[in-house]
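> See work.pdb below, with PDB, C-alpha atoms and all ligand atoms.
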```
ATOM      1  CA  MET N 260      20.043   5.265 -51.998  1.00  0.00           C
ATOM      2  CA  ARG N 261      18.368   2.669 -49.832  1.00  0.00           C
ATOM      3  CA  CYS N 262      15.514   0.424 -50.893  1.00  0.00           C
ATOM      4  CA  LEU N 263      13.305  -2.313 -49.517  1.00  0.00           C
ATOM      5  CA  TYR N 264      14.316  -5.774 -50.604  1.00  0.00           C
ATOM      6  CA  LEU N 265      13.836  -9.427 -49.644  1.00  0.00           C
ATOM      7  CA  LYS N 266      16.357 -11.929 -48.366  1.00  0.00           C
ATOM      8  CA  LYS N 267      15.975 -15.530 -47.272  1.00  0.00           C
ATOM      9  CA  ALA N 268      14.219 -15.765 -43.901  1.00  0.00           C
ATOM     10  CA  THR N 269      16.101 -17.220 -40.958  1.00  0.00           C
ATOM     11  CA  GLY N 270      13.086 -19.257 -39.778  1.00  0.00           C
ATOM     12  CA  PRO N 271      11.828 -22.609 -41.101  1.00  0.00           C
ATOM     13  CA  GLN N 272      11.818 -23.080 -44.872  1.00  0.00           C
ATOM     14  CA  PRO N 273       9.263 -25.612 -46.166  1.00  0.00           C
ATOM     15  CA  ILE N 274      11.498 -26.005 -49.214  1.00  0.00           C
ATOM     16  CA  SER N 275      15.032 -24.745 -49.496  1.00  0.00           C
ATOM     17  CA  PHE N 276      17.890 -25.923 -51.658  1.00  0.00           C
ATOM     18  CA  CYS N 277      19.920 -22.816 -50.809  1.00  0.00           C
ATOM     19  CA  ASP N 278      22.577 -23.207 -48.138  1.00  0.00           C
ATOM     20  CA  CYS N 279      23.781 -19.615 -48.291  1.00  0.00           C
ATOM     21  CA  LEU N 280      23.699 -17.429 -45.204  1.00  0.00           C
ATOM     22  CA  PRO N 281      20.458 -15.416 -45.132  1.00  0.00           C
ATOM     23  CA  ASP N 282      22.421 -12.167 -45.456  1.00  0.00           C
ATOM     24  CA  GLU N 283      23.912 -13.260 -48.786  1.00  0.00           C
ATOM     25  CA  ALA N 284      20.721 -14.926 -50.061  1.00  0.00           C
ATOM     26  CA  LEU N 285      18.851 -12.015 -51.637  1.00  0.00           C
ATOM     27  CA  ILE N 286      15.936 -12.887 -53.910  1.00  0.00           C
ATOM     28  CA  ALA N 287      16.602 -12.974 -57.641  1.00  0.00           C
ATOM     29  CA  SER N 288      14.255 -11.605 -60.300  1.00  0.00           C
ATOM     30  CA  PRO N 289      11.512 -14.223 -60.687  1.00  0.00           C
ATOM     31  CA  GLY N 290      12.145 -16.725 -63.461  1.00  0.00           C
ATOM     32  CA  GLN N 291       8.543 -17.827 -63.735  1.00  0.00           C
ATOM     33  CA  LEU N 292       7.791 -19.772 -66.894  1.00  0.00           C
ATOM     34  CA  ASN N 293       4.715 -21.502 -68.223  1.00  0.00           C
ATOM     35  CA  CYS N 294       5.116 -24.306 -65.676  1.00  0.00           C
ATOM     36  CA  PRO N 295       4.502 -22.403 -62.416  1.00  0.00           C
ATOM     37  CA  TRP N 296       3.735 -25.666 -60.600  1.00  0.00           C
ATOM     38  CA  CYS N 297       7.376 -26.802 -60.818  1.00  0.00           C
ATOM     39  CA  GLY N 298       8.157 -24.133 -58.230  1.00  0.00           C
ATOM     40  CA  CYS N 299       9.078 -21.346 -60.647  1.00  0.00           C
ATOM     41  CA  GLY N 300       5.679 -19.799 -59.846  1.00  0.00           C
ATOM     42  CA  TRP N 301       5.862 -20.051 -56.074  1.00  0.00           C
ATOM     43  CA  LEU N 302       9.459 -20.186 -54.861  1.00  0.00           C
ATOM     44  CA  PHE N 303      12.124 -17.534 -54.613  1.00  0.00           C
ATOM     45  CA  SER N 304      15.553 -18.146 -55.994  1.00  0.00           C
ATOM     46  CA  CYS N 305      18.786 -16.966 -54.429  1.00  0.00           C
ATOM     47  CA  THR N 306      20.937 -14.441 -56.308  1.00  0.00           C
ATOM     48  CA  HIS N 307      24.016 -16.100 -54.827  1.00  0.00           C
ATOM     49  CA  CYS N 308      23.577 -19.827 -55.587  1.00  0.00           C
ATOM     50  CA  ARG N 309      20.444 -19.615 -57.855  1.00  0.00           C
ATOM     51  CA  LYS N 310      18.753 -22.323 -55.832  1.00  0.00           C
ATOM     52  CA  ALA N 311      15.179 -22.120 -54.573  1.00  0.00           C
ATOM     53  CA  PHE N 312      13.817 -21.256 -51.149  1.00  0.00           C
ATOM     54  CA  THR N 313      10.342 -20.465 -49.844  1.00  0.00           C
ATOM     55  CA  VAL N 314      10.166 -17.698 -47.249  1.00  0.00           C
ATOM     56  CA  ALA N 315      11.895 -14.317 -47.397  1.00  0.00           C
ATOM     57  CA  THR N 316      12.101 -11.398 -44.974  1.00  0.00           C
ATOM     58  CA  ALA N 317      11.846  -7.760 -46.011  1.00  0.00           C
ATOM     59  CA  ILE N 318      14.907  -5.661 -45.238  1.00  0.00           C
ATOM     60  CA  GLU N 319      16.131  -2.167 -45.845  1.00  0.00           C
ATOM     61  CA  SER N 320      19.086  -2.525 -48.160  1.00  0.00           C
ATOM     62  CA  PRO N 321      21.860   0.092 -48.255  1.00  0.00           C
ATOM     63  CA  PHE N 322      21.782  -0.221 -52.060  1.00  0.00           C
ATOM     64  CA  SER N 323      19.255   1.125 -54.541  1.00  0.00           C
ATOM     65  CA  LEU N 324      16.842  -1.219 -56.271  1.00  0.00           C
ATOM     66  CA  ARG N 325      18.575  -0.517 -59.566  1.00  0.00           C
ATOM     67  CA  GLU N 326      21.937  -1.485 -58.076  1.00  0.00           C
ATOM     68  CA  LEU N 327      20.545  -4.737 -56.662  1.00  0.00           C
ATOM     69  CA  VAL N 328      18.713  -5.721 -59.847  1.00  0.00           C
ATOM     70  CA  THR N 329      21.718  -4.830 -62.009  1.00  0.00           C
ATOM     71  CA  ALA N 330      23.980  -6.961 -59.790  1.00  0.00           C
ATOM     72  CA  ASP N 331      21.497  -9.846 -59.979  1.00  0.00           C
ATOM     73  CA  VAL N 332      21.335  -9.619 -63.779  1.00  0.00           C
ATOM     74  CA  GLU N 333      25.123  -9.402 -64.119  1.00  0.00           C
ATOM     75  CA  ARG N 334      25.625 -12.397 -61.875  1.00  0.00           C
ATOM     76  CA  TYR N 335      23.035 -14.344 -63.839  1.00  0.00           C
ATOM     77  CA  TYR N 336      24.414 -13.533 -67.301  1.00  0.00           C
ATOM     78  CA  LYS N 337      28.029 -13.301 -66.084  1.00  0.00           C
ATOM     79  CA  SER N 338      28.383 -10.003 -67.964  1.00  0.00           C
ATOM     80  CA  THR N 339      26.945  -6.507 -67.965  1.00  0.00           C
ATOM     81  CA  GLN N 340      23.626  -6.229 -69.758  1.00  0.00           C
ATOM     82  CA  ALA N 341      21.921  -3.516 -71.728  1.00  0.00           C
ATOM     83  CA  GLU N 342      19.091  -1.458 -70.319  1.00  0.00           C
ATOM     84  CA  ASP N 343      16.485  -3.513 -72.190  1.00  0.00           C
ATOM     85  CA  VAL N 344      17.456  -6.520 -70.065  1.00  0.00           C
ATOM     86  CA  VAL N 345      17.688  -4.645 -66.771  1.00  0.00           C
ATOM     87  CA  LEU N 346      14.666  -2.368 -67.024  1.00  0.00           C
ATOM     88  CA  PRO N 347      11.856  -4.962 -67.230  1.00  0.00           C
ATOM     89  CA  ARG N 348      13.314  -6.756 -64.213  1.00  0.00           C
ATOM     90  CA  LEU N 349      13.707  -3.505 -62.343  1.00  0.00           C
ATOM     91  CA  ASN N 350      10.084  -2.561 -63.029  1.00  0.00           C
ATOM     92  CA  ARG N 351       8.839  -5.985 -62.034  1.00  0.00           C
ATOM     93  CA  MET N 352      10.832  -5.916 -58.807  1.00  0.00           C
ATOM     94  CA  ALA N 353       9.619  -2.392 -57.982  1.00  0.00           C
ATOM     95  CA  PHE N 354       6.046  -3.605 -58.432  1.00  0.00           C
ATOM     96  CA  MET N 355       6.641  -6.723 -56.332  1.00  0.00           C
ATOM     97  CA  LEU N 356       8.316  -4.915 -53.465  1.00  0.00           C
ATOM     98  CA  LYS N 357       6.047  -1.879 -53.394  1.00  0.00           C
ATOM     99  CA  HIS N 358       4.171  -2.838 -50.241  1.00  0.00           C
ATOM    100  CA  VAL N 359       6.660  -4.886 -48.248  1.00  0.00           C
ATOM    101  CA  VAL N 360       7.327  -3.925 -44.644  1.00  0.00           C
ATOM    102  CA  PRO N 361      10.790  -4.471 -43.130  1.00  0.00           C
ATOM    103  CA  GLY N 362      10.910  -7.423 -40.747  1.00  0.00           C
ATOM    104  CA  ARG N 363       7.843  -9.181 -42.156  1.00  0.00           C
ATOM    105  CA  ASN N 364       7.949 -12.508 -43.999  1.00  0.00           C
ATOM    106  CA  TYR N 365       6.803 -13.079 -47.564  1.00  0.00           C
ATOM    107  CA  VAL N 366       6.360 -15.839 -50.091  1.00  0.00           C
ATOM    108  CA  TYR N 367       6.285 -15.542 -53.878  1.00  0.00           C
ATOM    109  CA  LEU N 368       3.205 -16.525 -55.860  1.00  0.00           C
ATOM    110  CA  ASP N 369       2.542 -15.906 -59.533  1.00  0.00           C
ATOM    111  CA  GLY N 370       4.326 -12.603 -60.062  1.00  0.00           C
ATOM    112  CA  ALA N 371       3.717 -11.041 -56.651  1.00  0.00           C
ATOM    113  CA  VAL N 372       4.922 -11.384 -53.075  1.00  0.00           C
ATOM    114  CA  HIS N 373       2.434 -12.106 -50.312  1.00  0.00           C
ATOM    115  CA  GLU N 374       2.844 -11.646 -46.621  1.00  0.00           C
ATOM    116  CA  VAL N 375       2.871 -14.921 -44.726  1.00  0.00           C
ATOM    117  CA  GLY N 376      -0.393 -15.564 -42.875  1.00  0.00           C
ATOM    118  CA  VAL N 377      -2.374 -12.942 -44.791  1.00  0.00           C
ATOM    119  CA  GLU N 378      -5.362 -13.627 -47.050  1.00  0.00           C
ATOM    120  CA  ILE N 379      -4.645 -13.734 -50.796  1.00  0.00           C
ATOM    121  CA  ASN N 380      -7.134 -12.700 -53.481  1.00  0.00           C
ATOM    122  CA  PHE N 381      -5.526 -11.607 -56.697  1.00  0.00           C
ATOM    123  CA  ALA N 382      -5.125 -12.206 -60.398  1.00  0.00           C
ATOM    124  CA  GLY N 383      -1.511 -13.149 -61.052  1.00  0.00           C
ATOM    125  CA  GLU N 384       0.467 -13.616 -64.227  1.00  0.00           C
ATOM    126  CA  TYR N 385      -0.786 -17.156 -64.809  1.00  0.00           C
ATOM    127  CA  GLY N 386      -4.107 -17.393 -62.978  1.00  0.00           C
ATOM    128  CA  SER N 387      -6.382 -16.165 -60.200  1.00  0.00           C
ATOM    129  CA  HIS N 388      -5.722 -17.093 -56.609  1.00  0.00           C
ATOM    130  CA  SER N 389      -7.752 -17.104 -53.439  1.00  0.00           C
ATOM    131  CA  PHE N 390      -6.290 -18.473 -50.227  1.00  0.00           C
ATOM    132  CA  ARG N 391      -6.959 -17.739 -46.570  1.00  0.00           C
ATOM    133  CA  GLN N 392      -3.184 -17.602 -46.409  1.00  0.00           C
ATOM    134  CA  ALA N 393      -0.364 -18.682 -48.670  1.00  0.00           C
ATOM    135  CA  PRO N 394      -0.124 -22.479 -48.347  1.00  0.00           C
ATOM    136  CA  HIS N 395       3.660 -22.386 -48.631  1.00  0.00           C
ATOM    137  CA  GLY N 396       3.889 -19.876 -45.779  1.00  0.00           C
ATOM    138  CA  GLU N 397       1.945 -22.086 -43.381  1.00  0.00           C
ATOM    139  CA  PRO N 398       3.922 -23.557 -40.510  1.00  0.00           C
ATOM    140  CA  GLY N 399       4.705 -27.189 -41.157  1.00  0.00           C
ATOM    141  CA  ALA N 400       4.249 -26.979 -44.939  1.00  0.00           C
ATOM    142  CA  THR N 401       6.415 -29.514 -46.731  1.00  0.00           C
ATOM    143  CA  TYR N 402       7.148 -30.331 -50.330  1.00  0.00           C
ATOM    144  CA  GLU N 403       4.736 -33.255 -50.060  1.00  0.00           C
ATOM    145  CA  SER N 404       1.931 -31.216 -48.467  1.00  0.00           C
ATOM    146  CA  LEU N 405       2.244 -28.534 -51.155  1.00  0.00           C
ATOM    147  CA  ARG N 406       1.918 -30.857 -54.128  1.00  0.00           C
ATOM    148  CA  GLY N 407      -1.879 -30.611 -53.886  1.00  0.00           C
ATOM    149  CA  PRO N 408      -2.427 -26.921 -53.064  1.00  0.00           C
ATOM    150  CA  LEU N 409       0.209 -25.712 -55.527  1.00  0.00           C
ATOM    151  CA  GLY N 410       0.456 -28.640 -57.914  1.00  0.00           C
ATOM    152  CA  ARG N 411      -0.164 -28.701 -61.633  1.00  0.00           C
ATOM    153  CA  ASP N 412      -3.919 -29.210 -61.432  1.00  0.00           C
ATOM    154  CA  TYR N 413      -4.242 -26.303 -59.030  1.00  0.00           C
ATOM    155  CA  TRP N 414      -2.518 -23.988 -61.491  1.00  0.00           C
ATOM    156  CA  LEU N 415      -4.557 -25.169 -64.464  1.00  0.00           C
ATOM    157  CA  ARG N 416      -7.734 -24.523 -62.475  1.00  0.00           C
ATOM    158  CA  ALA N 417      -6.409 -21.119 -61.400  1.00  0.00           C
ATOM    159  CA  ALA N 418      -5.822 -20.281 -65.053  1.00  0.00           C
ATOM    160  CA  GLY N 419      -9.371 -21.320 -65.902  1.00  0.00           C
ATOM    161  CA  LYS N 420      -8.213 -24.214 -68.055  1.00  0.00           C
ATOM    162  CA  PRO N 421     -10.984 -26.762 -68.681  1.00  0.00           C
ATOM    163  CA  PRO N 422     -11.107 -29.248 -65.814  1.00  0.00           C
ATOM    164  CA  ASN N 423      -9.922 -32.793 -66.170  1.00  0.00           C
ATOM    165  CA  THR N 424     -12.745 -35.278 -65.933  1.00  0.00           C
ATOM    166  CA  CYS N 425     -12.951 -39.030 -65.851  1.00  0.00           C
ATOM    167  CA  TYR N 426     -14.181 -40.048 -69.320  1.00  0.00           C
ATOM    168  CA  SER N 427     -16.236 -42.832 -67.826  1.00  0.00           C
ATOM    169  CA  CYS N 428     -18.071 -41.338 -64.817  1.00  0.00           C
ATOM    170  CA  GLY N 429     -17.399 -37.639 -65.294  1.00  0.00           C
ATOM    171  CA  GLU N 430     -15.710 -37.139 -61.916  1.00  0.00           C
ATOM    172  CA  LEU N 431     -13.949 -33.767 -61.875  1.00  0.00           C
ATOM    173  CA  TRP N 432     -10.203 -33.656 -61.348  1.00  0.00           C
ATOM    174  CA  PRO N 433      -9.756 -37.361 -60.699  1.00  0.00           C
ATOM    175  CA  GLU N 434      -6.598 -38.223 -58.846  1.00  0.00           C
ATOM    176  CA  MET N 435      -3.911 -38.879 -61.420  1.00  0.00           C
ATOM    177  CA  PHE N 436      -2.109 -42.171 -61.672  1.00  0.00           C
ATOM    178  CA  MET N 437       0.080 -43.935 -64.166  1.00  0.00           C
ATOM    179  CA  VAL N 438       0.119 -47.564 -65.169  1.00  0.00           C
ATOM    180  CA  PRO N 439       2.523 -49.315 -67.521  1.00  0.00           C
ATOM    181  CA  ASN N 440       1.854 -48.643 -71.179  1.00  0.00           C
ATOM    182  CA  GLU N 441       1.028 -52.237 -72.024  1.00  0.00           C
ATOM    183  CA  ASP N 442      -1.694 -52.291 -69.341  1.00  0.00           C
ATOM    184  CA  TRP N 443      -3.116 -48.992 -70.559  1.00  0.00           C
ATOM    185  CA  LYS N 444      -3.361 -50.450 -74.084  1.00  0.00           C
ATOM    186  CA  LYS N 445      -4.793 -53.713 -72.825  1.00  0.00           C
ATOM    187  CA  TYR N 446      -7.681 -52.183 -70.863  1.00  0.00           C
ATOM    188  CA  ILE N 447      -8.426 -48.793 -72.421  1.00  0.00           C
ATOM    189  CA  PRO N 448      -9.994 -48.652 -75.905  1.00  0.00           C
ATOM    190  CA  ALA N 449      -7.879 -46.834 -78.509  1.00  0.00           C
ATOM    191  CA  SER N 450     -10.345 -43.929 -78.783  1.00  0.00           C
ATOM    192  CA  LYS N 451     -10.004 -43.187 -75.033  1.00  0.00           C
ATOM    193  CA  ARG N 452      -6.283 -43.580 -74.508  1.00  0.00           C
ATOM    194  CA  ASP N 453      -5.584 -39.833 -74.550  1.00  0.00           C
ATOM    195  CA  LYS N 454      -8.330 -39.205 -71.952  1.00  0.00           C
ATOM    196  CA  MET N 455      -8.366 -39.349 -68.175  1.00  0.00           C
ATOM    197  CA  ILE N 456     -10.069 -41.967 -66.099  1.00  0.00           C
ATOM    198  CA  CYS N 457     -10.499 -42.173 -62.341  1.00  0.00           C
ATOM    199  CA  TRP N 458      -8.945 -45.040 -60.434  1.00  0.00           C
ATOM    200  CA  GLY N 459     -12.379 -46.444 -59.486  1.00  0.00           C
ATOM    201  CA  CYS N 460     -13.525 -46.685 -63.096  1.00  0.00           C
ATOM    202  CA  PHE N 461     -10.192 -48.122 -64.163  1.00  0.00           C
ATOM    203  CA  GLN N 462     -10.519 -50.839 -61.514  1.00  0.00           C
ATOM    204  CA  GLN N 463     -14.019 -51.650 -62.758  1.00  0.00           C
ATOM    205  CA  ILE N 464     -12.798 -52.040 -66.322  1.00  0.00           C
ATOM    206  CA  VAL N 465      -9.971 -54.319 -65.269  1.00  0.00           C
ATOM    207  CA  ASN N 466     -12.358 -56.437 -63.175  1.00  0.00           C
ATOM    208  CA  HIS N 467     -14.850 -56.540 -66.013  1.00  0.00           C
ATOM    209  CA  VAL N 468     -12.216 -57.782 -68.442  1.00  0.00           C
ATOM    210  CA  GLY N 469     -11.063 -60.217 -65.780  1.00  0.00           C
ATOM    211  CA  GLY N 470      -7.541 -58.856 -65.928  1.00  0.00           C
ATOM    212  CA  ARG N 471      -4.803 -58.238 -63.390  1.00  0.00           C
ATOM    213  CA  LEU N 472      -4.883 -54.810 -61.759  1.00  0.00           C
ATOM    214  CA  PRO N 473      -1.550 -53.097 -62.407  1.00  0.00           C
ATOM    215  CA  LYS N 474       0.223 -51.342 -59.580  1.00  0.00           C
ATOM    216  CA  PRO N 475      -0.386 -47.622 -60.125  1.00  0.00           C
ATOM    217  CA  ARG N 476       2.212 -44.921 -59.753  1.00  0.00           C
ATOM    218  CA  TRP N 477       0.374 -42.015 -58.150  1.00  0.00           C
ATOM    219  CA  ILE N 478       1.241 -38.627 -59.540  1.00  0.00           C
ATOM    220  CA  HIS N 479      -0.126 -36.593 -56.656  1.00  0.00           C
ATOM    221  CA  LYS N 480      -3.290 -35.959 -54.727  1.00  0.00           C
ATOM    222  CA  VAL N 481      -5.412 -33.071 -55.902  1.00  0.00           C
ATOM    223  CA  ALA N 482      -6.667 -30.863 -53.086  1.00  0.00           C
ATOM    224  CA  GLN N 483     -10.248 -29.754 -53.726  1.00  0.00           C
TER     225      GLN N 483
HETATM  226 ZN    ZN E   1       8.432 -23.982 -63.867  1.00  0.00          ZN
HETATM  227 ZN    ZN E   2      21.761 -19.408 -51.997  1.00  0.00          ZN
HETATM  228 ZN    ZN E   3     -14.638 -42.448 -63.137  1.00  0.00          ZN
END
```
Give the structure from this file in structure tokens form.
Ligand SMILES: [Zn+2]
Ligand SMILES: [Zn+2]
Ligand SMILES: [Zn+2]

Amino acid sequence: MRCLYLKKATGPQPISFCDCLPDEALIASPGQLNCPWCGCGWLFSCTHCRKAFTVATAIESPFSLRELVTADVERYYKSTQAEDVVLPRLNRMAFMLKHVVPGRNYVYLDGAVHEVGVEINFAGEYGSHSFRQAPHGEPGATYESLRGPLGRDYWLRAAGKPPNTCYSCGELWPEMFMVPNEDWKKYIPASKRDKMICWGCFQQIVNHVGGRLPKPRWIHKVAQ
């Protein structure tokens, strides 16, 4: 019994650690955890090598969905698994693949697959998303360019987590940076050390104290 399934696309992959041939790189059941920003919430993984890639093409497989999911599970666990392991993955896959059209390209985002270039408005497993098109399906997307649109702060916002603010000026979602611990202790009062501060306010404090501005390590830029 045939089914619709997804395999690695032959075209450009913004991020791909999988070197398998597209025909052997079928998508695995999503392994999304509570850290979707690491990629587990927006990349596919390959059933063959288990490594991540970004864009997949819908195909008609000669196998049934149950056969494909069972094979994926057995390869993952290196043994046959009981129905209570297979069934949730089978159901999730059936839901994910319900609307795919053979020959079209898709990316994964938060429990669902989305056609490349098509508007996204949906509530996923972790948060709510609204994009004119999937950022990781855009031509020219790179790991660097996706750190803002699909980075940690994006996901926390999508999940409706309270926004980060600078404790000094109240700026929302200040760009995150790190400085050596001893500098943090030197310039930031003990009661504020677990808070966030924007780089501008941090500079002001250092200047005010007459200290030496440490070289920051930037975490990533937050796209607004
Ligand atoms: Zn993760
Ligand atoms: Zn692979
Ligand atoms: Zn500030």
> Set the distance at 7 Å and use only C-alpha atoms: which residues neighbour region 382-386 of chain N once local chain neighbours fewer than 6 positions away are removed? I'd like the list as a PyMOL selection string.
chain N and resi 369-370+414+417-418
> Neighbours of ligand ZN 1 (chain E) at 9 Å or closer, counting all atoms listed in the file: which residues, as a ChimeraX atom specification?
/N:290-300
> What do you get, as a ChimeraX atom specification, if you spell out every residue that the PyMOL selection byres (((chain N and resi 435) around 10) and not hetatm) selects here?
/N:412,423,432-434,436-437,455-458,475-481
> Please work out which residues fall within 7 Å of (9.1, -19.4, -49.2), coordinates as given in the file, with all atoms listed in the file counting, and return them as a count of residues only.
13
> As an exercise, work out the distance from CA of Pro448 (chain N) to CA of Leu415 (chain N) in Å and give it to one decimal place.
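Straight-line distance from CA of Pro448 (chain N) to CA of Leu415 (chain N) works out to 26.7 Å.
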> Can you write out as a Markdown table which residues of chain N fall within 9 Å of ligand ZN 2 (chain E), alongside each residue's closest atom pair and its distance in Å to one decimal, counting all atoms listed in the file and ordering rows by chain and ascending residue number?

```
| residue | atom | partner | partner_atom | distance |
| --- | --- | --- | --- | --- |
| N:Lys267 | CA | E:ZN2 | ZN | 8.4 |
| N:Ser275 | CA | E:ZN2 | ZN | 8.9 |
| N:Phe276 | CA | E:ZN2 | ZN | 7.6 |
| N:Cys277 | CA | E:ZN2 | ZN | 4.1 |
| N:Asp278 | CA | E:ZN2 | ZN | 5.5 |
| N:Cys279 | CA | E:ZN2 | ZN | 4.2 |
| N:Leu280 | CA | E:ZN2 | ZN | 7.3 |
| N:Pro281 | CA | E:ZN2 | ZN | 8.0 |
| N:Glu283 | CA | E:ZN2 | ZN | 7.3 |
| N:Ala284 | CA | E:ZN2 | ZN | 5.0 |
| N:Leu285 | CA | E:ZN2 | ZN | 8.0 |
| N:Ile286 | CA | E:ZN2 | ZN | 9.0 |
| N:Ser304 | CA | E:ZN2 | ZN | 7.5 |
| N:Cys305 | CA | E:ZN2 | ZN | 4.6 |
| N:Thr306 | CA | E:ZN2 | ZN | 6.6 |
| N:His307 | CA | E:ZN2 | ZN | 4.9 |
| N:Cys308 | CA | E:ZN2 | ZN | 4.0 |
| N:Arg309 | CA | E:ZN2 | ZN | 6.0 |
| N:Lys310 | CA | E:ZN2 | ZN | 5.7 |
| N:Ala311 | CA | E:ZN2 | ZN | 7.6 |
| N:Phe312 | CA | E:ZN2 | ZN | 8.2 |
```
> Residues contacting ligand ZN 3 (chain E) - anything with an atom at most 6 Å away, using all atoms listed in the file - can you give me those as a PDB file with C-alpha atoms, keeping the file's coordinate frame?

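The resulting file, result_19.pdb, is shown below:
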```pdb
ATOM      1  CA  CYS N 425     -12.951 -39.030 -65.851  1.00  0.00           C
ATOM      2  CA  SER N 427     -16.236 -42.832 -67.826  1.00  0.00           C
ATOM      3  CA  CYS N 428     -18.071 -41.338 -64.817  1.00  0.00           C
ATOM      4  CA  GLY N 429     -17.399 -37.639 -65.294  1.00  0.00           C
ATOM      5  CA  GLU N 430     -15.710 -37.139 -61.916  1.00  0.00           C
ATOM      6  CA  ILE N 456     -10.069 -41.967 -66.099  1.00  0.00           C
ATOM      7  CA  CYS N 457     -10.499 -42.173 -62.341  1.00  0.00           C
ATOM      8  CA  GLY N 459     -12.379 -46.444 -59.486  1.00  0.00           C
ATOM      9  CA  CYS N 460     -13.525 -46.685 -63.096  1.00  0.00           C
TER      10      CYS N 460
END
```
> Which is closest to Ile464 (chain N) among N:Leu327, N:Ile447, N:Met355, N:Val344, if we use all atoms listed in the file?
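Result for the nearest residue to Ile464 (chain N): N:Ile447.
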> Find the distance between CA of Ala287 (chain N) and CA of Arg348 (chain N) and write it in Å to one decimal.
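One can read the CA of Ala287 (chain N) to CA of Arg348 (chain N) distance as 9.6 Å.
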> Hey, can you check how far CA of Pro347 (chain N) sits from CA of Ser323 (chain N)?
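The value is 15.9 Å.
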> I need the residue set behind the PyMOL selection byres (((chain N and resi 359) around 10) and not hetatm) for this file; please write it as a ChimeraX atom specification.
/N:263-265,316-318,355-358,360-365,372-374
